[in-house]
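Colleague: Here it is, the structure, as structure tokens.
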Amino acid sequence: MRYSFYILNICVLSFILFYSCSKENNDSVELQFICTVDYVEFTSDVTANVKFDVIVDGISDSFIARHSYSTQDSNYLIGDNIVNIYNFIQSGNEASFDFEYGLNLGAFCAELFPNIPAHEHNPFAAEAIKDLSGKNLGKWKIKKKTTLKSIDKQ
């Protein structure tokens, strides 16, 4: 009887150790990754800057993507499908528009951060204020974002 109690204790202890060790090994540590847009700046009739604020595993940094852009009515298509701005409406020093991360932004991000985890770039409706201190065509600081399920690309 004493021998079976001893064997039972060893089995229970082994199970607990095996379970806790295997649980630790199965839990993958995923990097924290947050990417937001701070502003869009049109520096000329053909060039735009988009400032991304990024947090990777607790470390903050900013990156400015400089690309050419084209316009179609009130839409601004920046880079090779990096960022798209639809329905840009300016009223004085304020503007509203729909912001879409382009299909090629993922490849752009992967060049900057080779180990970023899978993440989504959701489109949003933006309210922005024009920065009056610059000598450019328009630097629009995004003040408010509302997530969109889809964008009307008129």
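By convention in this document, the chains of the structure tokens carry letters A, B, ... by their order, each chain's residues are numbered from 1, and ligands are numbered from 1 in the order they are shown.
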Just the residues within 12 Å of Asp73 in chain A, please, counting only C-alpha atoms, with nothing from its chain fewer than 2 positions along; format it as number ranges by chain.
Modeller: A: 70-71, 75-77, 85-89, 153-154
Colleague: Neighbours of Val40 in chain A within 7 Å (only C-alpha atoms; same-chain residues fewer than 4 positions away dropped), as a list in words?
Modeller: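 The neighbour list is Asn49, Val50, Lys51, Lys139, Trp140 and Lys141 of chain A.
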Colleague: Please produce a file of the residues just selected, as a PDB file, in the first residue's frame, where the atoms kept are N, CA and C atoms.
Modeller:
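Contents of again39.pdb, as written:
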```pdb
ATOM      1  N   ASN A  49       4.275  63.287 -47.778  1.00  0.00           N
ATOM      2  CA  ASN A  49       4.870  62.572 -46.652  1.00  0.00           C
ATOM      3  C   ASN A  49       3.739  62.061 -45.764  1.00  0.00           C
ATOM      4  N   VAL A  50       3.881  60.832 -45.293  1.00  0.00           N
ATOM      5  CA  VAL A  50       2.943  60.278 -44.328  1.00  0.00           C
ATOM      6  C   VAL A  50       3.764  59.850 -43.129  1.00  0.00           C
ATOM      7  N   LYS A  51       3.445  60.415 -41.970  1.00  0.00           N
ATOM      8  CA  LYS A  51       4.199  60.075 -40.754  1.00  0.00           C
ATOM      9  C   LYS A  51       3.463  58.978 -39.995  1.00  0.00           C
ATOM     10  N   LYS A 139      -0.005  70.406 -44.467  1.00  0.00           N
ATOM     11  CA  LYS A 139       0.350  69.355 -43.512  1.00  0.00           C
ATOM     12  C   LYS A 139      -0.869  69.167 -42.623  1.00  0.00           C
ATOM     13  N   TRP A 140      -1.493  67.995 -42.719  1.00  0.00           N
ATOM     14  CA  TRP A 140      -2.754  67.726 -42.042  1.00  0.00           C
ATOM     15  C   TRP A 140      -2.539  66.771 -40.884  1.00  0.00           C
ATOM     16  N   LYS A 141      -2.573  67.320 -39.682  1.00  0.00           N
ATOM     17  CA  LYS A 141      -2.414  66.541 -38.448  1.00  0.00           C
ATOM     18  C   LYS A 141      -3.749  65.879 -38.122  1.00  0.00           C
TER      19      LYS A 141
END
```
Colleague: What lies within 8 Å of range 146-152 of chain A using only C-alpha atoms, ignoring chain neighbours under 2 positions off, as a ChimeraX atom specification?
Modeller: /A:86,98,100,122-126,144,154
Colleague: Name the closest residue to Val37 in chain A among the candidates A:Gly58, A:Leu132, A:Ala65, A:Asn115; distances are taken between atoms, counting only C-alpha atoms.
Modeller: A:Ala65
Colleague: Name the residues in contact with Asp53 in chain A at a cut-off of 10 Å, using only C-alpha atoms, excluding same-chain residues fewer than 6 positions from it; report them as a list in words.
Modeller: Ile34, Cys35, Thr36, Val37, Asp38, Tyr39, Ser60, Asp61, Ser62, Phe63 and Ile64 of chain A
Colleague: Atoms to include: C-alpha atoms. Write the selected residues as a PDB file, in the first residue's frame.
Modeller:
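See result.pdb below for the written result:
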```pdb
ATOM      1  CA  ILE A  34       1.001  49.284 -33.014  1.00  0.00           C
ATOM      2  CA  CYS A  35       1.092  51.499 -36.087  1.00  0.00           C
ATOM      3  CA  THR A  36      -0.835  54.753 -36.328  1.00  0.00           C
ATOM      4  CA  VAL A  37      -0.808  57.680 -38.739  1.00  0.00           C
ATOM      5  CA  ASP A  38       0.110  61.058 -37.270  1.00  0.00           C
ATOM      6  CA  TYR A  39      -0.131  63.328 -40.306  1.00  0.00           C
ATOM      7  CA  SER A  60       8.357  53.871 -29.918  1.00  0.00           C
ATOM      8  CA  ASP A  61       9.623  55.340 -33.152  1.00  0.00           C
ATOM      9  CA  SER A  62       8.353  57.422 -36.045  1.00  0.00           C
ATOM     10  CA  PHE A  63       8.815  56.899 -39.760  1.00  0.00           C
ATOM     11  CA  ILE A  64       8.055  59.281 -42.578  1.00  0.00           C
TER      12      ILE A  64
END
```
Colleague: DSSP on the backbone, helix (DSSP H, G or I) only: what residues of range 97-149 of chain A does that give? Format it as number ranges by chain.
Modeller: A: 105-112
Colleague: If I take CA of Val83 in chain A and CA of Thr43 in chain A, how far is one from the other in Å, to one decimal?
Modeller: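 If I compute the distance from CA of Val83 in chain A to CA of Thr43 in chain A, I get 15.7 Å.
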Colleague: Nearest to Arg66 in chain A among A:Phe113, A:Phe99, A:Phe33, A:Phe52, with distances taken over only C-alpha atoms: which residue is it?
Modeller: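 Distance minimum relative to Arg66 in chain A lands on A:Phe52.
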Colleague: State, in Å with one decimal place, the distance from CA of Phe97 in chain A to CA of Ile129 in chain A.
Modeller: 11.5 Å
Colleague: Of the candidates A:Cys109, A:Leu137, A:Lys143, A:Val54, which one gets nearest to Ala95 in chain A if we count only C-alpha atoms?
Modeller: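 Ranking A:Cys109, A:Leu137, A:Lys143, A:Val54 by distance to Ala95 in chain A, first place goes to A:Lys143.
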